[in-house]
$ cat model-v1.csv   # CSV, C-alpha atoms
chain,number,residue,atom,x,y,z
F,1,MET,CA,-34.4,-30.2,-0.4
F,2,ALA,CA,-34.6,-28.0,-3.5
F,3,GLY,CA,-31.4,-26.3,-4.6
F,4,SER,CA,-29.2,-28.7,-2.8
F,5,ASP,CA,-25.7,-29.9,-3.5
F,6,SER,CA,-25.9,-31.8,-6.8
F,7,THR,CA,-25.6,-29.2,-9.5
F,8,THR,CA,-21.9,-28.5,-9.8
F,9,ASP,CA,-18.6,-30.4,-10.1
F,10,ALA,CA,-17.1,-28.4,-7.3
F,11,PRO,CA,-16.0,-30.4,-4.2
F,12,PRO,CA,-19.1,-31.2,-2.2
F,13,ALA,CA,-19.8,-28.8,0.6
F,14,PRO,CA,-18.8,-30.3,4.0
F,15,ASP,CA,-21.3,-31.1,6.7
F,16,THR,CA,-21.4,-28.4,9.3
F,17,VAL,CA,-22.1,-28.5,13.0
F,18,LYS,CA,-21.8,-26.0,15.8
F,19,ILE,CA,-21.1,-25.6,19.4
F,20,LEU,CA,-21.9,-22.5,21.5
F,21,ILE,CA,-19.5,-20.9,23.9
F,22,ALA,CA,-21.5,-19.0,26.4
F,23,GLY,CA,-21.1,-17.4,29.9
F,24,GLY,CA,-20.9,-14.1,31.6
F,25,PHE,CA,-19.2,-10.9,30.7
F,26,GLY,CA,-15.5,-11.0,30.2
F,27,VAL,CA,-15.2,-14.7,31.1
F,28,GLY,CA,-13.1,-15.6,28.0
F,29,LYS,CA,-15.5,-16.7,25.4
F,30,THR,CA,-13.9,-15.1,22.5
F,31,THR,CA,-10.5,-16.1,23.8
F,32,MET,CA,-11.6,-19.7,23.9
F,33,VAL,CA,-13.0,-19.5,20.3
F,34,GLY,CA,-9.7,-18.0,19.2
F,35,SER,CA,-7.6,-20.6,21.0
F,36,VAL,CA,-9.0,-23.6,19.0
F,37,SER,CA,-10.1,-21.9,15.8
F,38,GLU,CA,-8.1,-22.4,12.6
F,39,ILE,CA,-9.1,-18.9,11.6
F,40,VAL,CA,-8.8,-15.6,13.5
F,41,PRO,CA,-12.2,-15.3,15.0
F,42,LEU,CA,-14.7,-13.5,12.8
F,43,ARG,CA,-17.4,-11.2,14.1
F,44,THR,CA,-20.8,-10.7,12.8
F,45,GLU,CA,-23.4,-8.3,14.2
F,46,GLU,CA,-27.1,-8.4,14.0
F,47,PRO,CA,-29.5,-5.6,14.6
F,48,LEU,CA,-32.4,-6.9,16.7
F,49,THR,CA,-35.8,-5.6,16.5
F,50,MET,CA,-37.4,-5.0,19.8
F,51,ALA,CA,-40.8,-6.1,18.7
F,52,GLY,CA,-41.8,-9.3,20.5
F,53,LEU,CA,-39.0,-9.0,23.0
F,54,GLY,CA,-41.4,-8.4,25.8
F,55,VAL,CA,-39.6,-5.2,26.6
F,56,ASP,CA,-42.1,-2.5,27.2
F,57,ASP,CA,-39.9,0.3,28.5
F,58,LEU,CA,-38.6,1.1,25.0
F,59,ASP,CA,-41.9,2.8,24.1
F,60,GLY,CA,-41.3,6.3,23.1
F,61,ILE,CA,-37.6,6.0,22.6
F,62,GLU,CA,-37.7,4.8,19.1
F,63,GLU,CA,-35.0,7.3,18.2
F,64,LYS,CA,-32.6,5.3,20.4
F,65,ARG,CA,-30.3,2.9,18.8
F,66,ALA,CA,-31.6,-0.5,18.2
F,67,THR,CA,-29.8,-3.3,20.1
F,68,THR,CA,-27.1,-5.0,18.2
F,69,VAL,CA,-26.0,-8.5,19.2
F,70,ALA,CA,-22.6,-9.5,18.2
F,71,LEU,CA,-21.1,-13.0,17.7
F,72,ASP,CA,-17.5,-14.0,17.4
F,73,PHE,CA,-17.0,-17.3,15.8
F,74,GLY,CA,-14.3,-19.6,14.7
F,75,ARG,CA,-14.0,-22.7,12.6
F,76,ILE,CA,-12.4,-26.1,13.0
F,77,THR,CA,-12.1,-28.4,10.0
F,78,LEU,CA,-12.5,-31.8,11.6
F,79,SER,CA,-12.2,-33.7,8.3
F,80,ARG,CA,-12.8,-33.1,4.6
F,81,GLU,CA,-16.5,-33.8,5.2
F,82,LEU,CA,-17.1,-32.2,8.5
F,83,VAL,CA,-16.6,-28.6,9.8
F,84,LEU,CA,-17.3,-27.5,13.3
F,85,TYR,CA,-18.2,-23.9,14.1
F,86,LEU,CA,-17.8,-22.3,17.5
F,87,PHE,CA,-20.0,-19.4,18.3
F,88,GLY,CA,-19.2,-17.1,21.3
F,89,THR,CA,-21.1,-14.1,22.4
F,90,PRO,CA,-18.6,-11.3,23.2
F,91,GLY,CA,-19.2,-8.8,25.9
F,92,GLN,CA,-22.4,-8.4,27.9
F,93,GLN,CA,-25.1,-9.6,25.5
F,94,ARG,CA,-28.4,-9.8,27.3
F,95,PHE,CA,-30.1,-10.3,24.0
F,96,TRP,CA,-28.2,-13.0,22.3
F,97,PHE,CA,-31.0,-15.3,23.5
F,98,MET,CA,-33.2,-13.7,20.9
F,99,TRP,CA,-31.0,-15.0,18.1
F,100,ASN,CA,-33.0,-18.2,17.8
F,101,ASP,CA,-31.0,-19.6,14.9
F,102,LEU,CA,-28.0,-19.6,17.2
F,103,ALA,CA,-29.1,-22.2,19.6
F,104,LEU,CA,-31.2,-24.1,17.1
F,105,GLY,CA,-29.4,-27.2,15.9
F,106,ALA,CA,-26.3,-26.8,18.1
F,107,LEU,CA,-24.7,-30.0,19.2
F,108,GLY,CA,-24.3,-28.5,22.6
F,109,ALA,CA,-22.7,-25.7,24.6
F,110,VAL,CA,-19.8,-24.8,26.8
F,111,VAL,CA,-20.7,-22.5,29.6
F,112,LEU,CA,-17.5,-20.7,30.7
F,113,VAL,CA,-17.4,-19.6,34.3
F,114,ASP,CA,-15.1,-17.1,36.0
F,115,VAL,CA,-14.4,-18.5,39.5
F,116,ARG,CA,-14.2,-14.9,40.9
F,117,ARG,CA,-17.8,-14.2,39.8
F,118,PRO,CA,-19.6,-17.4,38.9
F,119,GLU,CA,-23.0,-15.6,39.1
F,120,SER,CA,-22.3,-13.9,35.8
F,121,SER,CA,-22.8,-17.3,34.1
F,122,PHE,CA,-26.0,-18.3,35.8
F,123,ALA,CA,-28.1,-16.9,33.0
F,124,ALA,CA,-26.4,-19.0,30.4
F,125,ILE,CA,-26.8,-22.1,32.5
F,126,ASP,CA,-30.5,-21.4,33.0
F,127,PHE,CA,-30.9,-20.8,29.3
F,128,PHE,CA,-29.4,-24.2,28.3
F,129,GLU,CA,-31.1,-26.1,31.1
F,130,ARG,CA,-34.5,-24.7,30.2
F,131,ARG,CA,-34.0,-25.4,26.5
F,132,ARG,CA,-32.6,-28.9,27.2
F,133,ILE,CA,-29.5,-28.1,25.2
F,134,PRO,CA,-26.7,-30.2,26.6
F,135,PHE,CA,-23.7,-28.3,28.0
F,136,VAL,CA,-20.5,-28.7,30.1
F,137,VAL,CA,-19.1,-26.1,32.4
F,138,GLY,CA,-15.6,-24.8,31.8
F,139,VAL,CA,-14.1,-23.0,34.8
F,140,ASN,CA,-11.7,-20.5,33.3
F,141,GLY,CA,-8.8,-19.9,35.7
F,142,PHE,CA,-7.6,-16.3,36.1
F,143,TYR,CA,-4.1,-16.4,34.7
F,144,GLY,CA,-4.6,-20.2,34.6
F,145,GLU,CA,-4.9,-20.4,38.4
F,146,HIS,CA,-7.5,-22.6,40.0
F,147,PRO,CA,-8.1,-21.8,43.6
F,148,TYR,CA,-11.1,-24.2,43.9
F,149,PRO,CA,-11.5,-27.8,42.9
F,150,ALA,CA,-14.1,-28.5,40.2
F,151,GLU,CA,-16.4,-30.2,42.8
F,152,ASP,CA,-16.7,-27.0,44.9
F,153,ILE,CA,-17.7,-25.1,41.8
F,154,ARG,CA,-20.2,-27.7,40.8
F,155,GLU,CA,-21.8,-27.3,44.2
F,156,ALA,CA,-21.8,-23.5,43.9
F,157,LEU,CA,-23.4,-23.6,40.5
F,158,ALA,CA,-25.8,-26.4,41.4
F,159,VAL,CA,-25.5,-28.0,38.0
F,160,PRO,CA,-27.2,-31.4,37.7
F,161,GLU,CA,-25.4,-34.7,37.7
F,162,GLY,CA,-24.3,-35.7,34.3
F,163,VAL,CA,-23.1,-32.2,33.5
F,164,LYS,CA,-19.3,-32.1,33.5
F,165,VAL,CA,-17.5,-29.3,35.3
F,166,LEU,CA,-13.9,-28.9,34.1
F,167,LEU,CA,-11.1,-26.6,35.1
F,168,CYS,CA,-9.6,-25.0,32.0
F,169,ASP,CA,-7.6,-22.2,30.6
F,170,ALA,CA,-9.3,-20.4,27.7
F,171,ARG,CA,-5.9,-19.2,26.4
F,172,ASP,CA,-4.7,-22.7,25.9
F,173,ARG,CA,-5.5,-24.6,22.8
F,174,GLU,CA,-5.2,-28.1,24.3
F,175,SER,CA,-7.2,-27.1,27.3
F,176,CYS,CA,-10.0,-25.8,25.2
F,177,ARG,CA,-9.9,-28.8,22.9
F,178,ASP,CA,-10.2,-31.0,26.0
F,179,VAL,CA,-13.3,-29.1,27.1
F,180,LEU,CA,-14.9,-29.6,23.7
F,181,ILE,CA,-14.0,-33.3,23.8
F,182,ALA,CA,-15.5,-33.6,27.2
F,183,LEU,CA,-18.8,-32.1,25.8
F,184,ILE,CA,-18.8,-34.6,23.0
F,185,ASP,CA,-18.0,-37.5,25.3
F,186,GLN,CA,-20.9,-36.4,27.5
F,187,LEU,CA,-23.2,-36.3,24.5
F,188,ILE,CA,-22.1,-39.8,23.4
F,189,ALA,CA,-22.6,-41.1,27.0
F,190,SER,CA,-26.1,-39.8,27.2
F,191,ALA,CA,-26.9,-41.1,23.7
F,192,VAL,CA,-25.7,-44.6,24.6
F,193,GLN,CA,-27.7,-44.5,27.8
F,194,ALA,CA,-30.9,-43.5,26.0
Q,1,MET,CA,-16.4,-4.0,13.6
Q,2,GLY,CA,-17.9,-2.8,16.7
Q,3,GLY,CA,-17.7,0.8,15.6
Q,4,GLY,CA,-19.6,3.5,17.3
Q,5,ASP,CA,-21.7,4.3,14.2
Q,6,SER,CA,-24.2,1.5,14.5
Q,7,ALA,CA,-27.1,3.9,13.7
Q,8,ALA,CA,-25.6,4.6,10.3
Q,9,ARG,CA,-25.0,1.0,9.7
Q,10,LEU,CA,-28.5,0.0,10.5
Q,11,VAL,CA,-29.9,2.3,7.8
Q,12,ARG,CA,-27.6,1.2,5.1
Q,13,PRO,CA,-27.8,-2.6,5.1
Q,14,PHE,CA,-31.5,-2.9,4.3
Q,15,THR,CA,-31.2,-0.5,1.4
Q,16,LEU,CA,-29.2,-3.2,-0.2
Q,17,THR,CA,-32.3,-5.5,0.0
Q,18,GLY,CA,-34.7,-2.9,-1.4
Q,19,GLY,CA,-36.2,-2.4,2.0
Q,20,ARG,CA,-36.9,-6.1,2.5
Q,21,THR,CA,-36.3,-7.3,6.0
Q,22,ARG,CA,-37.5,-10.8,5.8
Q,23,PRO,CA,-36.0,-13.6,3.7
Q,24,SER,CA,-38.3,-15.4,1.2
Q,25,ARG,CA,-37.1,-18.8,2.4
Q,26,ALA,CA,-35.7,-20.4,5.5
Q,27,ASP,CA,-32.7,-22.3,4.0
Q,28,PHE,CA,-30.0,-19.9,5.1
Q,29,THR,CA,-29.2,-20.6,8.7
Q,30,LEU,CA,-25.9,-19.5,10.3
Q,31,ILE,CA,-23.9,-22.6,9.3
Q,32,ALA,CA,-25.7,-23.5,6.1
Q,33,THR,CA,-23.0,-23.6,3.4
Q,34,VAL,CA,-23.4,-21.7,0.2
Q,35,THR,CA,-21.5,-22.4,-3.1
Q,36,ALA,CA,-21.6,-20.4,-6.3
Q,37,VAL,CA,-22.8,-22.4,-9.3
Q,38,ASP,CA,-20.1,-22.8,-11.9
Q,39,PRO,CA,-20.5,-21.8,-14.6
Q,40,GLN,CA,-23.0,-19.1,-13.7
Q,41,PRO,CA,-26.4,-19.3,-15.5
Q,42,ASP,CA,-26.5,-17.3,-18.7
Q,43,THR,CA,-29.4,-15.1,-17.6
Q,44,ALA,CA,-29.8,-11.4,-18.4
Q,45,ALA,CA,-31.0,-10.8,-14.8
Q,46,ARG,CA,-29.1,-8.0,-13.2
Q,47,CYS,CA,-26.8,-8.6,-10.4
Q,48,GLN,CA,-26.3,-5.9,-7.8
Q,49,PRO,CA,-22.7,-5.3,-6.7
Q,50,GLU,CA,-23.4,-7.0,-3.4
Q,51,HIS,CA,-24.6,-10.1,-5.2
Q,52,THR,CA,-21.5,-10.1,-7.2
Q,53,ARG,CA,-19.4,-9.8,-4.0
Q,54,ILE,CA,-21.1,-12.8,-2.5
Q,55,LEU,CA,-20.6,-14.9,-5.6
Q,56,ARG,CA,-16.9,-14.1,-5.5
Q,57,LEU,CA,-16.7,-15.1,-1.9
Q,58,CYS,CA,-18.5,-18.5,-2.4
Q,59,THR,CA,-16.6,-20.1,-5.3
Q,60,GLU,CA,-15.7,-22.6,-2.6
Q,61,PRO,CA,-18.4,-23.7,0.0
Q,62,VAL,CA,-18.7,-21.1,2.7
Q,63,ALA,CA,-21.0,-20.8,5.7
Q,64,VAL,CA,-23.6,-18.0,5.9
Q,65,ALA,CA,-22.1,-16.6,9.1
Q,66,GLU,CA,-18.7,-16.4,7.5
Q,67,LEU,CA,-20.1,-14.6,4.4
Q,68,ALA,CA,-21.8,-12.1,6.6
Q,69,ALA,CA,-18.6,-11.4,8.6
Q,70,ARG,CA,-16.5,-11.1,5.4
Q,71,LEU,CA,-19.1,-8.7,3.9
Q,72,ASP,CA,-19.4,-6.9,7.2
Q,73,LEU,CA,-23.2,-7.0,6.9
Q,74,PRO,CA,-25.8,-8.4,9.3
Q,75,VAL,CA,-26.7,-12.0,8.7
Q,76,SER,CA,-30.3,-11.1,8.1
Q,77,VAL,CA,-29.3,-8.8,5.2
Q,78,VAL,CA,-27.0,-11.4,3.7
Q,79,VAL,CA,-29.7,-14.0,3.9
Q,80,ILE,CA,-32.1,-11.9,1.8
Q,81,LEU,CA,-29.4,-11.4,-0.8
Q,82,LEU,CA,-28.7,-15.1,-0.8
Q,83,CYS,CA,-32.4,-15.8,-1.4
Q,84,ASP,CA,-32.2,-13.7,-4.6
Q,85,LEU,CA,-29.1,-15.6,-5.7
Q,86,LEU,CA,-30.7,-19.0,-5.0
Q,87,GLU,CA,-33.9,-18.0,-6.9
Q,88,ALA,CA,-31.7,-16.9,-9.8
Q,89,GLY,CA,-30.0,-20.3,-9.9
Q,90,ARG,CA,-26.6,-18.7,-9.1
Q,91,ILE,CA,-25.9,-20.6,-5.8
Q,92,THR,CA,-26.6,-23.9,-4.1
Q,93,VAL,CA,-27.1,-24.2,-0.4
Q,94,ARG,CA,-26.4,-27.1,1.9
Q,95,PRO,CA,-28.2,-27.2,5.2
Q,96,PRO,CA,-26.3,-28.0,8.3
Q,97,ARG,CA,-26.4,-31.5,9.9
Q,98,LEU,CA,-29.6,-32.0,11.6
Q,99,VAL,CA,-29.1,-32.4,15.3
Q,100,SER,CA,-31.9,-34.3,17.1
Q,101,ARG,CA,-32.2,-34.3,20.8
Q,102,THR,CA,-34.4,-37.3,20.9
Q,103,THR,CA,-32.4,-39.6,18.5
Q,104,PRO,CA,-28.8,-38.4,18.7
Q,105,ASP,CA,-26.6,-39.3,15.8
Q,106,LEU,CA,-23.9,-41.4,17.4
Q,107,ASP,CA,-22.0,-41.7,14.1
Q,108,LEU,CA,-21.8,-37.9,13.8
Q,109,LEU,CA,-20.8,-37.4,17.4
Q,110,GLN,CA,-18.0,-40.0,17.0
Q,111,LYS,CA,-16.8,-38.2,13.9
Q,112,VAL,CA,-16.7,-34.9,15.8
Q,113,ARG,CA,-14.9,-36.7,18.6
Q,114,ASP,CA,-12.3,-38.2,16.3
Q,115,GLY,CA,-11.7,-34.9,14.6
Q,116,LEU,CA,-11.2,-33.1,17.9
Q,117,GLY,CA,-8.8,-35.8,19.0
Q,118,ARG,CA,-6.6,-35.2,16.0
Q,119,LEU,CA,-6.2,-31.5,16.9
$ encode --input "model-v1.csv" --output "structure tokens"
Amino acid sequence: MAGSDSTTDAPPAPDTVKILIAGGFGVGKTTMVGSVSEIVPLRTEEPLTMAGLGVDDLDGIEEKRATTVALDFGRITLSRELVLYLFGTPGQQRFWFMWNDLALGALGAVVLVDVRRPESSFAAIDFFERRRIPFVVGVNGFYGEHPYPAEDIREALAVPEGVKVLLCDARDRESCRDVLIALIDQLIASAVQA
Amino acid sequence: MGGGDSAARLVRPFTLTGGRTRPSRADFTLIATVTAVDPQPDTAARCQPEHTRILRLCTEPVAVAELAARLDLPVSVVVILLCDLLEAGRITVRPPRLVSRTTPDLDLLQKVRDGLGRL
């Protein structure tokens, strides 16, 4: 590609990959990003144009604020040559789906689920299933408590075989790391099968 | 960050791009990394203050999303400014690793796995 990484003596830019952290409102996405990131999570916001959104009830209210979709993200330097970015959508972001670049090229996703209201993560599960983006489900315990076994939650969510469902604590670094490792193991397993 | 004056912020960013809202090239995705060319080319072409800020932030390789967050500007605005800088020969860009669903890169996955295991 033109303008690539051969012009300077500076250390070569590392390869970058990304994983998305998705799920319903207030389920702990940004907490999870912050738990494993080597930097304090950064936020970037993007104004979204409504054109092409298939939203027709915005006609005549052009004076209204445009929707802004926000992303919190963190970084994990895996080696000198490889950096992993984690992107989470804070708050209730109905429109993050419109940020096409976000899902494009992601290794996969973690869908966080709150056991008290699993339905708030249904949309995220649908999204990744429909786009065939591999994901695991992380069940974030409220104060680290897990009243239900993972199998019950799997049934409630009706996620397909092959999608791991793990109990986790978004506040805990090791727990979040293990969820990410489970995702990569799942990706490796399906790659070997293929 | 998440202030209440998003209306004001929406107006200002695109004045930085001379009203342009679309990038001239597609190189700059969220995790593409950008590095300032060193030394900078000796051209007379003017650099806006925002261009200069970007150049200062990317003396080491930095991802587009990170630049946007540090500049407190929407990614779409930063991308347009980056296009200017690339066309002026002031930065280089490295695209992220390609992730194919049909032919997964086992070597890459293993590297990610190993890196996470070391955390």
$ closest_residue --input "model-v1.csv" --among "F:Thr16, F:Gln193, F:Thr31, F:Thr77" --to "Q:Asp114" --atoms "all atoms listed in the file"
F:Thr77
$ residues_around --input "model-v1.csv" --residues "Q:Glu50" --least-positions-apart "5" --cutoff "12 Å" --atoms "only C-alpha atoms" --output "tab-separated table (two decimals) with C-alpha atoms, in the frame of the given file"
chain	number	residue	atom	x	y	z
Q	13	PRO	CA	-27.80	-2.60	5.10
Q	14	PHE	CA	-31.50	-2.90	4.30
Q	15	THR	CA	-31.20	-0.50	1.40
Q	16	LEU	CA	-29.20	-3.20	-0.20
Q	17	THR	CA	-32.30	-5.50	0.00
Q	55	LEU	CA	-20.60	-14.90	-5.60
Q	56	ARG	CA	-16.90	-14.10	-5.50
Q	57	LEU	CA	-16.70	-15.10	-1.90
Q	67	LEU	CA	-20.10	-14.60	4.40
Q	68	ALA	CA	-21.80	-12.10	6.60
Q	70	ARG	CA	-16.50	-11.10	5.40
Q	71	LEU	CA	-19.10	-8.70	3.90
Q	72	ASP	CA	-19.40	-6.90	7.20
Q	73	LEU	CA	-23.20	-7.00	6.90
Q	77	VAL	CA	-29.30	-8.80	5.20
Q	78	VAL	CA	-27.00	-11.40	3.70
Q	79	VAL	CA	-29.70	-14.00	3.90
Q	80	ILE	CA	-32.10	-11.90	1.80
Q	81	LEU	CA	-29.40	-11.40	-0.80
Q	82	LEU	CA	-28.70	-15.10	-0.80
Q	84	ASP	CA	-32.20	-13.70	-4.60
Q	85	LEU	CA	-29.10	-15.60	-5.70
$ closest_atom_pairs --input "model-v1.csv" --of "stretch 1-87 of chain Q" --to "stretch 96-120 of chain F" --cutoff "12 Å" --atoms "only C-alpha atoms" --output "CSV"
residue,atom,partner,partner_atom,distance
Q:Ala26,CA,F:Asp101,CA,10.5
Q:Asp27,CA,F:Asp101,CA,11.4
Q:Phe28,CA,F:Asp101,CA,9.9
Q:Thr29,CA,F:Asp101,CA,6.5
Q:Leu30,CA,F:Asp101,CA,6.9
Q:Ile31,CA,F:Leu102,CA,9.4
Q:Ala32,CA,F:Asp101,CA,11.0
Q:Val64,CA,F:Asp101,CA,11.8
Q:Ala65,CA,F:Leu102,CA,10.5
Q:Val75,CA,F:Asp101,CA,10.7
Q:Ser76,CA,F:Trp99,CA,10.8
$ atom_distance --input "model-v1.csv" --atom1 "atom CA of F:Thr67" --atom2 "atom CA of F:Ile21"
20.7 Å
$ residues_around --input "model-v1.csv" --residues "stretch 153-167 of chain F" --least-positions-apart "4" --cutoff "12 Å" --atoms "all atoms listed in the file" --output "ChimeraX atom specification"
/F:108-126,128-129,132-142,144-149,172,175-190,193
$ write_last_selection --input "model-v1.csv" --atoms "C-alpha atoms" --output "PDB file, in the frame of the given file"
ATOM      1  CA  GLY F 108     -24.300 -28.500  22.600  1.00  0.00           C
ATOM      2  CA  ALA F 109     -22.700 -25.700  24.600  1.00  0.00           C
ATOM      3  CA  VAL F 110     -19.800 -24.800  26.800  1.00  0.00           C
ATOM      4  CA  VAL F 111     -20.700 -22.500  29.600  1.00  0.00           C
ATOM      5  CA  LEU F 112     -17.500 -20.700  30.700  1.00  0.00           C
ATOM      6  CA  VAL F 113     -17.400 -19.600  34.300  1.00  0.00           C
ATOM      7  CA  ASP F 114     -15.100 -17.100  36.000  1.00  0.00           C
ATOM      8  CA  VAL F 115     -14.400 -18.500  39.500  1.00  0.00           C
ATOM      9  CA  ARG F 116     -14.200 -14.900  40.900  1.00  0.00           C
ATOM     10  CA  ARG F 117     -17.800 -14.200  39.800  1.00  0.00           C
ATOM     11  CA  PRO F 118     -19.600 -17.400  38.900  1.00  0.00           C
ATOM     12  CA  GLU F 119     -23.000 -15.600  39.100  1.00  0.00           C
ATOM     13  CA  SER F 120     -22.300 -13.900  35.800  1.00  0.00           C
ATOM     14  CA  SER F 121     -22.800 -17.300  34.100  1.00  0.00           C
ATOM     15  CA  PHE F 122     -26.000 -18.300  35.800  1.00  0.00           C
ATOM     16  CA  ALA F 123     -28.100 -16.900  33.000  1.00  0.00           C
ATOM     17  CA  ALA F 124     -26.400 -19.000  30.400  1.00  0.00           C
ATOM     18  CA  ILE F 125     -26.800 -22.100  32.500  1.00  0.00           C
ATOM     19  CA  ASP F 126     -30.500 -21.400  33.000  1.00  0.00           C
ATOM     20  CA  PHE F 128     -29.400 -24.200  28.300  1.00  0.00           C
ATOM     21  CA  GLU F 129     -31.100 -26.100  31.100  1.00  0.00           C
ATOM     22  CA  ARG F 132     -32.600 -28.900  27.200  1.00  0.00           C
ATOM     23  CA  ILE F 133     -29.500 -28.100  25.200  1.00  0.00           C
ATOM     24  CA  PRO F 134     -26.700 -30.200  26.600  1.00  0.00           C
ATOM     25  CA  PHE F 135     -23.700 -28.300  28.000  1.00  0.00           C
ATOM     26  CA  VAL F 136     -20.500 -28.700  30.100  1.00  0.00           C
ATOM     27  CA  VAL F 137     -19.100 -26.100  32.400  1.00  0.00           C
ATOM     28  CA  GLY F 138     -15.600 -24.800  31.800  1.00  0.00           C
ATOM     29  CA  VAL F 139     -14.100 -23.000  34.800  1.00  0.00           C
ATOM     30  CA  ASN F 140     -11.700 -20.500  33.300  1.00  0.00           C
ATOM     31  CA  GLY F 141      -8.800 -19.900  35.700  1.00  0.00           C
ATOM     32  CA  PHE F 142      -7.600 -16.300  36.100  1.00  0.00           C
ATOM     33  CA  GLY F 144      -4.600 -20.200  34.600  1.00  0.00           C
ATOM     34  CA  GLU F 145      -4.900 -20.400  38.400  1.00  0.00           C
ATOM     35  CA  HIS F 146      -7.500 -22.600  40.000  1.00  0.00           C
ATOM     36  CA  PRO F 147      -8.100 -21.800  43.600  1.00  0.00           C
ATOM     37  CA  TYR F 148     -11.100 -24.200  43.900  1.00  0.00           C
ATOM     38  CA  PRO F 149     -11.500 -27.800  42.900  1.00  0.00           C
ATOM     39  CA  ASP F 172      -4.700 -22.700  25.900  1.00  0.00           C
ATOM     40  CA  SER F 175      -7.200 -27.100  27.300  1.00  0.00           C
ATOM     41  CA  CYS F 176     -10.000 -25.800  25.200  1.00  0.00           C
ATOM     42  CA  ARG F 177      -9.900 -28.800  22.900  1.00  0.00           C
ATOM     43  CA  ASP F 178     -10.200 -31.000  26.000  1.00  0.00           C
ATOM     44  CA  VAL F 179     -13.300 -29.100  27.100  1.00  0.00           C
ATOM     45  CA  LEU F 180     -14.900 -29.600  23.700  1.00  0.00           C
ATOM     46  CA  ILE F 181     -14.000 -33.300  23.800  1.00  0.00           C
ATOM     47  CA  ALA F 182     -15.500 -33.600  27.200  1.00  0.00           C
ATOM     48  CA  LEU F 183     -18.800 -32.100  25.800  1.00  0.00           C
ATOM     49  CA  ILE F 184     -18.800 -34.600  23.000  1.00  0.00           C
ATOM     50  CA  ASP F 185     -18.000 -37.500  25.300  1.00  0.00           C
ATOM     51  CA  GLN F 186     -20.900 -36.400  27.500  1.00  0.00           C
ATOM     52  CA  LEU F 187     -23.200 -36.300  24.500  1.00  0.00           C
ATOM     53  CA  ILE F 188     -22.100 -39.800  23.400  1.00  0.00           C
ATOM     54  CA  ALA F 189     -22.600 -41.100  27.000  1.00  0.00           C
ATOM     55  CA  SER F 190     -26.100 -39.800  27.200  1.00  0.00           C
ATOM     56  CA  GLN F 193     -27.700 -44.500  27.800  1.00  0.00           C
TER      57      GLN F 193
END
$ residues_around --input "model-v1.csv" --residues "F:Phe73" --least-positions-apart "6" --cutoff "12 Å" --atoms "only C-alpha atoms" --output "JSON, numbers by chain"
{"F": [18, 19, 20, 21, 22, 29, 30, 31, 32, 33, 34, 35, 36, 37, 38, 39, 40, 41, 42, 43, 44, 45, 84, 85, 86, 87, 88, 89, 90, 102], "Q": [30, 31, 63, 64, 65, 66, 68, 69]}
$ write_last_selection --input "model-v1.csv" --atoms "C-alpha atoms" --output "PDB file, in the coordinates of the input"
ATOM      1  CA  LYS F  18     -21.800 -26.000  15.800  1.00  0.00           C
ATOM      2  CA  ILE F  19     -21.100 -25.600  19.400  1.00  0.00           C
ATOM      3  CA  LEU F  20     -21.900 -22.500  21.500  1.00  0.00           C
ATOM      4  CA  ILE F  21     -19.500 -20.900  23.900  1.00  0.00           C
ATOM      5  CA  ALA F  22     -21.500 -19.000  26.400  1.00  0.00           C
ATOM      6  CA  LYS F  29     -15.500 -16.700  25.400  1.00  0.00           C
ATOM      7  CA  THR F  30     -13.900 -15.100  22.500  1.00  0.00           C
ATOM      8  CA  THR F  31     -10.500 -16.100  23.800  1.00  0.00           C
ATOM      9  CA  MET F  32     -11.600 -19.700  23.900  1.00  0.00           C
ATOM     10  CA  VAL F  33     -13.000 -19.500  20.300  1.00  0.00           C
ATOM     11  CA  GLY F  34      -9.700 -18.000  19.200  1.00  0.00           C
ATOM     12  CA  SER F  35      -7.600 -20.600  21.000  1.00  0.00           C
ATOM     13  CA  VAL F  36      -9.000 -23.600  19.000  1.00  0.00           C
ATOM     14  CA  SER F  37     -10.100 -21.900  15.800  1.00  0.00           C
ATOM     15  CA  GLU F  38      -8.100 -22.400  12.600  1.00  0.00           C
ATOM     16  CA  ILE F  39      -9.100 -18.900  11.600  1.00  0.00           C
ATOM     17  CA  VAL F  40      -8.800 -15.600  13.500  1.00  0.00           C
ATOM     18  CA  PRO F  41     -12.200 -15.300  15.000  1.00  0.00           C
ATOM     19  CA  LEU F  42     -14.700 -13.500  12.800  1.00  0.00           C
ATOM     20  CA  ARG F  43     -17.400 -11.200  14.100  1.00  0.00           C
ATOM     21  CA  THR F  44     -20.800 -10.700  12.800  1.00  0.00           C
ATOM     22  CA  GLU F  45     -23.400  -8.300  14.200  1.00  0.00           C
ATOM     23  CA  LEU F  84     -17.300 -27.500  13.300  1.00  0.00           C
ATOM     24  CA  TYR F  85     -18.200 -23.900  14.100  1.00  0.00           C
ATOM     25  CA  LEU F  86     -17.800 -22.300  17.500  1.00  0.00           C
ATOM     26  CA  PHE F  87     -20.000 -19.400  18.300  1.00  0.00           C
ATOM     27  CA  GLY F  88     -19.200 -17.100  21.300  1.00  0.00           C
ATOM     28  CA  THR F  89     -21.100 -14.100  22.400  1.00  0.00           C
ATOM     29  CA  PRO F  90     -18.600 -11.300  23.200  1.00  0.00           C
ATOM     30  CA  LEU F 102     -28.000 -19.600  17.200  1.00  0.00           C
TER      31      LEU F 102
ATOM     32  CA  LEU Q  30     -25.900 -19.500  10.300  1.00  0.00           C
ATOM     33  CA  ILE Q  31     -23.900 -22.600   9.300  1.00  0.00           C
ATOM     34  CA  ALA Q  63     -21.000 -20.800   5.700  1.00  0.00           C
ATOM     35  CA  VAL Q  64     -23.600 -18.000   5.900  1.00  0.00           C
ATOM     36  CA  ALA Q  65     -22.100 -16.600   9.100  1.00  0.00           C
ATOM     37  CA  GLU Q  66     -18.700 -16.400   7.500  1.00  0.00           C
ATOM     38  CA  ALA Q  68     -21.800 -12.100   6.600  1.00  0.00           C
ATOM     39  CA  ALA Q  69     -18.600 -11.400   8.600  1.00  0.00           C
TER      40      ALA Q  69
END
